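Next up, model-v5.csv (CSV, C-alpha atoms):
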```csv
chain,number,residue,atom,x,y,z
F,1,MET,CA,-7.5,10.9,-26.2
F,2,SER,CA,-9.1,10.8,-22.8
F,3,PHE,CA,-10.9,7.6,-23.8
F,4,GLU,CA,-7.7,5.9,-24.9
F,5,LEU,CA,-5.9,6.9,-21.7
F,6,ALA,CA,-8.8,5.5,-19.7
F,7,ARG,CA,-8.5,2.2,-21.6
F,8,LEU,CA,-4.8,2.1,-20.7
F,9,CYS,CA,-5.6,2.6,-17.0
F,10,THR,CA,-8.5,0.1,-16.7
F,11,THR,CA,-9.2,-3.6,-17.2
F,12,THR,CA,-12.2,-5.8,-17.9
F,13,ARG,CA,-10.3,-9.0,-16.8
F,14,LEU,CA,-11.7,-9.7,-13.4
F,15,PRO,CA,-12.4,-13.0,-11.4
F,16,ARG,CA,-15.8,-14.4,-12.2
F,17,GLY,CA,-17.2,-13.3,-8.8
F,18,GLN,CA,-16.3,-9.7,-9.4
F,19,LYS,CA,-17.6,-9.3,-13.0
F,20,ARG,CA,-20.6,-7.4,-11.7
F,21,LEU,CA,-18.2,-4.5,-11.0
F,22,LEU,CA,-17.9,-3.9,-14.7
F,23,SER,CA,-21.5,-2.5,-15.0
F,24,HIS,CA,-20.7,0.4,-12.6
F,25,ASN,CA,-24.3,0.4,-11.3
F,26,ASP,CA,-23.3,1.3,-7.8
F,27,GLY,CA,-25.6,4.2,-7.4
F,28,GLY,CA,-22.7,6.1,-5.8
F,29,TYR,CA,-20.2,8.4,-7.4
F,30,GLY,CA,-21.2,7.6,-11.0
F,31,ASP,CA,-23.6,5.6,-13.1
F,32,PHE,CA,-22.0,4.1,-16.2
F,33,PRO,CA,-24.3,1.2,-17.1
F,34,TYR,CA,-23.3,-1.7,-19.2
F,35,SER,CA,-23.4,-0.6,-22.9
F,36,GLU,CA,-24.2,-3.0,-25.7
F,37,LYS,CA,-22.4,-0.7,-28.1
F,38,PHE,CA,-19.1,-0.4,-26.2
F,39,GLY,CA,-19.2,-3.5,-24.1
F,40,GLU,CA,-18.2,-3.7,-20.5
F,41,VAL,CA,-16.8,-0.6,-18.8
F,42,GLY,CA,-13.4,-1.2,-17.3
F,43,VAL,CA,-12.3,-0.8,-13.7
F,44,LEU,CA,-9.0,0.3,-12.1
F,45,PRO,CA,-6.9,-2.8,-11.5
F,46,GLN,CA,-5.0,-3.1,-8.2
F,47,GLY,CA,-1.3,-2.8,-8.4
F,48,ALA,CA,-1.1,-1.6,-12.0
F,49,PRO,CA,1.9,0.6,-13.1
F,50,THR,CA,-0.5,3.5,-13.5
F,51,SER,CA,-1.8,3.2,-9.9
F,52,PRO,CA,0.8,5.4,-8.2
F,53,MET,CA,0.2,8.4,-10.5
F,54,LEU,CA,-3.6,8.0,-10.4
F,55,SER,CA,-3.5,7.9,-6.6
F,56,ASN,CA,-1.3,11.0,-6.5
F,57,LEU,CA,-3.8,12.8,-8.8
F,58,ALA,CA,-6.7,11.8,-6.6
F,59,SER,CA,-4.9,12.9,-3.5
F,60,LEU,CA,-3.5,16.2,-4.8
F,61,LYS,CA,-5.9,18.5,-3.0
F,62,LEU,CA,-5.7,16.4,0.2
F,63,ASP,CA,-1.9,16.7,0.0
F,64,GLU,CA,-2.1,20.4,-0.3
F,65,SER,CA,-4.4,20.7,2.7
F,66,LEU,CA,-2.4,18.4,5.0
F,67,ASN,CA,0.9,20.0,4.0
F,68,SER,CA,-0.5,23.4,4.8
F,69,PHE,CA,-1.6,22.2,8.2
F,70,ALA,CA,1.9,20.7,8.8
F,71,LEU,CA,3.8,23.8,7.8
F,72,GLU,CA,1.5,25.9,10.0
F,73,HIS,CA,2.4,23.9,13.1
F,74,GLY,CA,6.0,23.1,12.3
F,75,PHE,CA,5.5,19.5,11.2
F,76,VAL,CA,6.8,17.5,8.2
F,77,TYR,CA,4.1,15.8,6.1
F,78,THR,CA,4.9,12.8,4.0
F,79,ARG,CA,2.6,10.4,2.1
F,80,TYR,CA,3.3,7.2,0.2
F,81,ALA,CA,0.2,5.8,-1.5
F,82,ASP,CA,-2.3,5.6,1.4
F,83,ASP,CA,0.3,5.8,4.2
F,84,ILE,CA,0.4,9.3,5.8
F,85,THR,CA,3.1,10.4,8.3
F,86,PHE,CA,3.4,13.6,10.3
F,87,SER,CA,6.8,14.1,12.0
F,88,ALA,CA,7.9,16.7,14.5
F,89,SER,CA,10.8,17.5,16.8
F,90,TYR,CA,8.5,19.1,19.3
F,91,LEU,CA,4.8,19.8,19.8
F,92,PRO,CA,3.2,23.3,20.3
F,93,ARG,CA,2.2,23.7,23.9
F,94,SER,CA,-1.3,24.8,22.8
F,95,HIS,CA,-2.0,21.5,21.2
F,96,SER,CA,-2.1,18.0,22.6
F,97,VAL,CA,-1.3,14.9,20.5
F,98,ARG,CA,-5.0,14.0,20.4
F,99,ASP,CA,-6.0,17.5,19.3
F,100,ILE,CA,-3.5,17.2,16.4
F,101,GLN,CA,-4.8,13.8,15.5
F,102,ARG,CA,-8.4,15.0,15.5
F,103,ALA,CA,-7.5,18.0,13.3
F,104,ILE,CA,-5.8,15.7,10.7
F,105,ILE,CA,-8.7,13.3,10.6
F,106,ASN,CA,-11.1,16.2,10.1
F,107,ILE,CA,-9.1,17.4,7.1
F,108,ILE,CA,-9.0,14.0,5.6
F,109,ARG,CA,-12.8,13.6,6.0
F,110,ARG,CA,-13.6,17.2,4.8
F,111,GLU,CA,-11.5,16.9,1.7
F,112,GLY,CA,-13.0,13.5,0.9
F,113,PHE,CA,-16.5,14.9,1.3
F,114,LYS,CA,-16.0,18.1,-0.7
F,115,ARG,CA,-14.6,16.2,-3.7
F,116,ARG,CA,-16.6,13.0,-3.3
F,117,GLU,CA,-13.4,11.0,-3.0
F,118,GLY,CA,-14.6,9.2,0.1
F,119,PHE,CA,-11.3,9.5,2.0
F,120,LYS,CA,-11.5,8.2,5.5
F,121,GLU,CA,-8.9,7.3,8.1
F,122,ASN,CA,-8.2,3.6,8.9
F,123,GLU,CA,-8.6,3.5,12.7
F,124,ASN,CA,-6.8,0.1,12.9
F,125,LYS,CA,-3.6,1.7,11.5
F,126,LEU,CA,-3.4,4.9,13.5
F,127,ARG,CA,-0.1,5.1,15.4
F,128,ILE,CA,1.5,7.6,17.7
F,129,ALA,CA,5.2,7.3,18.4
F,130,GLY,CA,6.5,9.5,21.1
F,131,PRO,CA,10.1,10.3,22.2
F,132,GLY,CA,12.2,7.1,22.7
F,133,SER,CA,9.7,4.8,21.1
F,134,LYS,CA,10.2,2.6,18.0
F,135,LYS,CA,9.4,4.6,14.9
F,136,VAL,CA,8.4,2.5,11.9
F,137,VAL,CA,7.3,4.0,8.6
F,138,LEU,CA,6.5,1.7,5.6
F,139,GLY,CA,8.4,-1.2,7.3
F,140,LEU,CA,11.5,0.9,7.8
F,141,LEU,CA,12.9,1.8,11.2
F,142,ILE,CA,13.6,5.6,11.1
F,143,ASP,CA,14.8,6.2,14.7
F,144,GLY,CA,18.5,6.1,13.8
F,145,SER,CA,20.9,7.9,11.5
F,146,VAL,CA,19.9,5.8,8.5
F,147,PRO,CA,16.7,3.8,7.7
F,148,ARG,CA,16.8,0.1,8.7
F,149,ILE,CA,14.7,-3.0,8.0
F,150,SER,CA,12.7,-4.1,11.1
F,151,GLU,CA,13.5,-7.5,12.5
F,152,GLU,CA,9.9,-8.5,11.9
F,153,ILE,CA,10.4,-8.2,8.1
F,154,TYR,CA,13.6,-10.3,8.2
F,155,LYS,CA,11.8,-13.0,10.3
F,156,ARG,CA,8.8,-13.0,8.0
F,157,ILE,CA,10.9,-13.5,4.8
F,158,ASP,CA,13.0,-16.1,6.5
F,159,ARG,CA,9.9,-18.0,7.6
F,160,HIS,CA,8.3,-17.9,4.1
F,161,LEU,CA,11.5,-19.1,2.4
F,162,TYR,CA,12.0,-21.9,4.9
F,163,ALA,CA,8.4,-23.1,4.6
F,164,SER,CA,8.3,-22.8,0.8
F,165,THR,CA,11.5,-24.8,0.5
F,166,LYS,CA,10.4,-27.5,2.9
F,167,PHE,CA,6.7,-27.9,2.3
F,168,GLY,CA,6.3,-26.4,-1.2
F,169,LEU,CA,4.9,-23.2,-2.5
F,170,VAL,CA,1.3,-24.4,-2.8
F,171,ASP,CA,1.0,-25.6,0.8
F,172,THR,CA,2.8,-22.6,2.2
F,173,ALA,CA,0.6,-20.2,0.3
F,174,ALA,CA,-2.5,-21.9,1.6
F,175,HIS,CA,-1.2,-21.9,5.2
F,176,GLU,CA,-0.4,-18.2,5.0
F,177,GLY,CA,-3.9,-17.4,3.7
F,178,PHE,CA,-3.2,-16.6,0.1
F,179,ASP,CA,-5.7,-17.4,-2.7
F,180,SER,CA,-3.0,-18.8,-5.0
F,181,ALA,CA,0.6,-19.9,-5.0
F,182,PHE,CA,1.3,-17.4,-7.7
F,183,GLY,CA,0.1,-14.5,-5.6
F,184,PHE,CA,2.1,-15.7,-2.6
F,185,TYR,CA,5.2,-16.1,-4.8
F,186,ASN,CA,4.8,-12.5,-6.1
F,187,HIS,CA,4.3,-11.3,-2.5
F,188,LEU,CA,7.5,-12.9,-1.3
F,189,SER,CA,9.4,-11.6,-4.3
F,190,GLY,CA,8.2,-8.1,-3.5
F,191,LEU,CA,9.4,-8.4,0.2
F,192,ILE,CA,12.8,-9.5,-0.9
F,193,ALA,CA,13.1,-6.7,-3.4
F,194,PHE,CA,12.2,-4.3,-0.6
F,195,ILE,CA,15.3,-5.3,1.2
F,196,LYS,CA,17.7,-4.6,-1.7
F,197,ASP,CA,18.3,-0.8,-1.3
F,198,VAL,CA,18.6,-1.0,2.5
F,199,ASP,CA,20.5,-4.2,3.2
F,200,PHE,CA,22.2,-5.5,0.1
F,201,LYS,CA,24.0,-8.4,1.9
F,202,ARG,CA,20.8,-9.8,3.3
F,203,TRP,CA,19.1,-9.3,-0.1
F,204,GLU,CA,21.7,-11.5,-1.7
F,205,GLU,CA,21.2,-14.2,0.8
F,206,PHE,CA,17.4,-14.1,0.5
F,207,SER,CA,17.6,-14.0,-3.3
F,208,THR,CA,19.8,-17.1,-3.5
F,209,ARG,CA,17.3,-19.0,-1.3
F,210,PHE,CA,14.3,-17.7,-3.3
F,211,LYS,CA,15.7,-18.8,-6.7
F,212,ILE,CA,15.8,-22.5,-5.7
F,213,ILE,CA,12.1,-22.6,-4.7
F,214,GLN,CA,10.2,-24.9,-7.1
F,215,THR,CA,7.2,-23.3,-8.8
F,216,PRO,CA,4.4,-25.4,-10.1
F,217,TRP,CA,3.9,-23.3,-13.2
F,218,ARG,CA,7.6,-23.7,-14.2
F,219,ASP,CA,8.9,-26.8,-12.5
F,220,GLY,CA,5.7,-29.0,-12.6
```
Could you rewrite the structure in this file as structure tokens?
Amino acid sequence: MSFELARLCTTTRLPRGQKRLLSHNDGGYGDFPYSEKFGEVGVLPQGAPTSPMLSNLASLKLDESLNSFALEHGFVYTRYADDITFSASYLPRSHSVRDIQRAIINIIRREGFKRREGFKENENKLRIAGPGSKKVVLGLLIDGSVPRISEEIYKRIDRHLYASTKFGLVDTAAHEGFDSAFGFYNHLSGLIAFIKDVDFKRWEEFSTRFKIIQTPWRDG
């Protein structure tokens, strides 16, 4: 049963330059060499339907440790995939913001080391939002009574739609740094879907413009 579940969660279909990953000879957390009997050993695909559940299972003990820290200090801990947020109405006088940040980072590293999961903070994405500052979580503004879409997201979608309609999907994808027009198309589709539950009117507008974009795999 475990083998069949593993097969459902993995893939052997990788770009040619990444085929080496299927041998698992990384010398790190596990050595599962290529087997002539069973063939290539699969790897976890990015963005698969099973990814959220697997990431939650891998992060279970980390969630427990971070949530315990939050409750101890009167914070609210939330996590979506690899985005972690700590919210608070006030800070304990005995702790500075930097002290709290260091404590959280230590927990992340400690849990990653103990269970060999390799968790580590992304220094480029650390954000501290004090009173009166703009608070954005997962692209949503949360400093009001209801979540709102940030203006940056609206402008990005509008720019992509305009360029794709005027210059074509292939040229726009290349200009925006995507490896393929198909990948860019899916990225734009995801951004528009993100709008739906928050701003239905703008979602209708974007969806109408998105539907008329010519795609080389359908319209060529």
**Study point:** Near-Thr215 (chain F) list (9 Å; all atoms listed in the file; drop same-chain fewer than 5 positions) as an MDAnalysis selection string
**Key:** chainID F and resid 168:170 181:182 185 220
**Study point:** Residue nearest Leu5 (chain F) - candidates F:Ile84, F:Leu54, F:Ala174, F:Leu21, atoms counted: all atoms listed in the file
**Key:**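 Between F:Ile84, F:Leu54, F:Ala174, F:Leu21, the residue approaching Leu5 (chain F) most closely is F:Leu54.
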Point to revise | Test item: residues at most 12 Å from Ala103 (chain F), only C-alpha atoms, excluding those fewer than 4 positions along its chain, as a VMD selection string | key: chain F and resid 65 to 66 69 to 70 73 95 to 99 107 to 110 121
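For the residues F:Lys19, F:Arg7, F:Arg209, F:Arg79, ranking by smallest atom-to-atom distance to Lys166 (chain F) using all atoms listed in the file places F:Arg209 first.
By chain and then residue number, the residues within 10 Å of region 186-200 of chain F are F:Gly139, F:Leu140, F:Val146, F:Pro147, F:Arg148, F:Ile149, F:Ile153, F:Tyr154, F:Arg156, F:Ile157, F:Asp158, F:His160, F:Leu161, F:Phe178, F:Phe206, F:Ser207, F:Phe210, F:Lys211, counting only C-alpha atoms and disregarding those fewer than 6 positions away in sequence.
Across the model, the gap from CA of Arg102 (chain F) to CA of Thr85 (chain F) is 14.3 Å.
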Point to revise | Interatomic distance (Å, one decimal) between CA of Arg20 (chain F) and CA of Gln46 (chain F) | key: 16.6 Å
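Within 7 Å of the file-frame point (-14.4, 0.7, -16.8), and using all atoms listed in the file, the polymer residues found are Thr10, Thr11, Thr12, Leu22, Glu40, Val41, Gly42 and Val43 of chain F.
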Write the residues of the selection above to a file with C-alpha atoms, as a short mmCIF file (atom, residue, chain, number, x, y, z; two decimals), keeping the file's coordinate frame.
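As a result, part28.cif now contains:
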```cif
data_model
loop_
_atom_site.label_atom_id
_atom_site.label_comp_id
_atom_site.auth_asym_id
_atom_site.auth_seq_id
_atom_site.Cartn_x
_atom_site.Cartn_y
_atom_site.Cartn_z
CA THR F 10 -8.50 0.10 -16.70
CA THR F 11 -9.20 -3.60 -17.20
CA THR F 12 -12.20 -5.80 -17.90
CA LEU F 22 -17.90 -3.90 -14.70
CA GLU F 40 -18.20 -3.70 -20.50
CA VAL F 41 -16.80 -0.60 -18.80
CA GLY F 42 -13.40 -1.20 -17.30
CA VAL F 43 -12.30 -0.80 -13.70
#
```
Review point. Which residue, F:Lys61, F:Arg127, F:Phe167, F:Ser51, has the smallest gap to Gln101 (chain F) when you use all atoms listed in the file?
Key: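 So, comparing all the options, the nearest one is F:Arg127.
Of the listed residues F:Pro45, F:Met1, F:Pro131, F:Glu204, the one whose atoms come nearest to Leu14 (chain F) is F:Pro45, with distances taken using all atoms listed in the file.
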Review point. So, counting all atoms listed in the file, which residue among F:Ala58, F:Leu71, F:Ala6, F:Ala81 is closest to Gly118 (chain F)?
Key: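 Of the candidates, the smallest distance to Gly118 (chain F) is held by F:Ala58.
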Practice item. Could you jot down the CA of Gln214 (chain F) to CA of Thr165 (chain F) separation for me, Å, one decimal place? Key: 7.7 Å
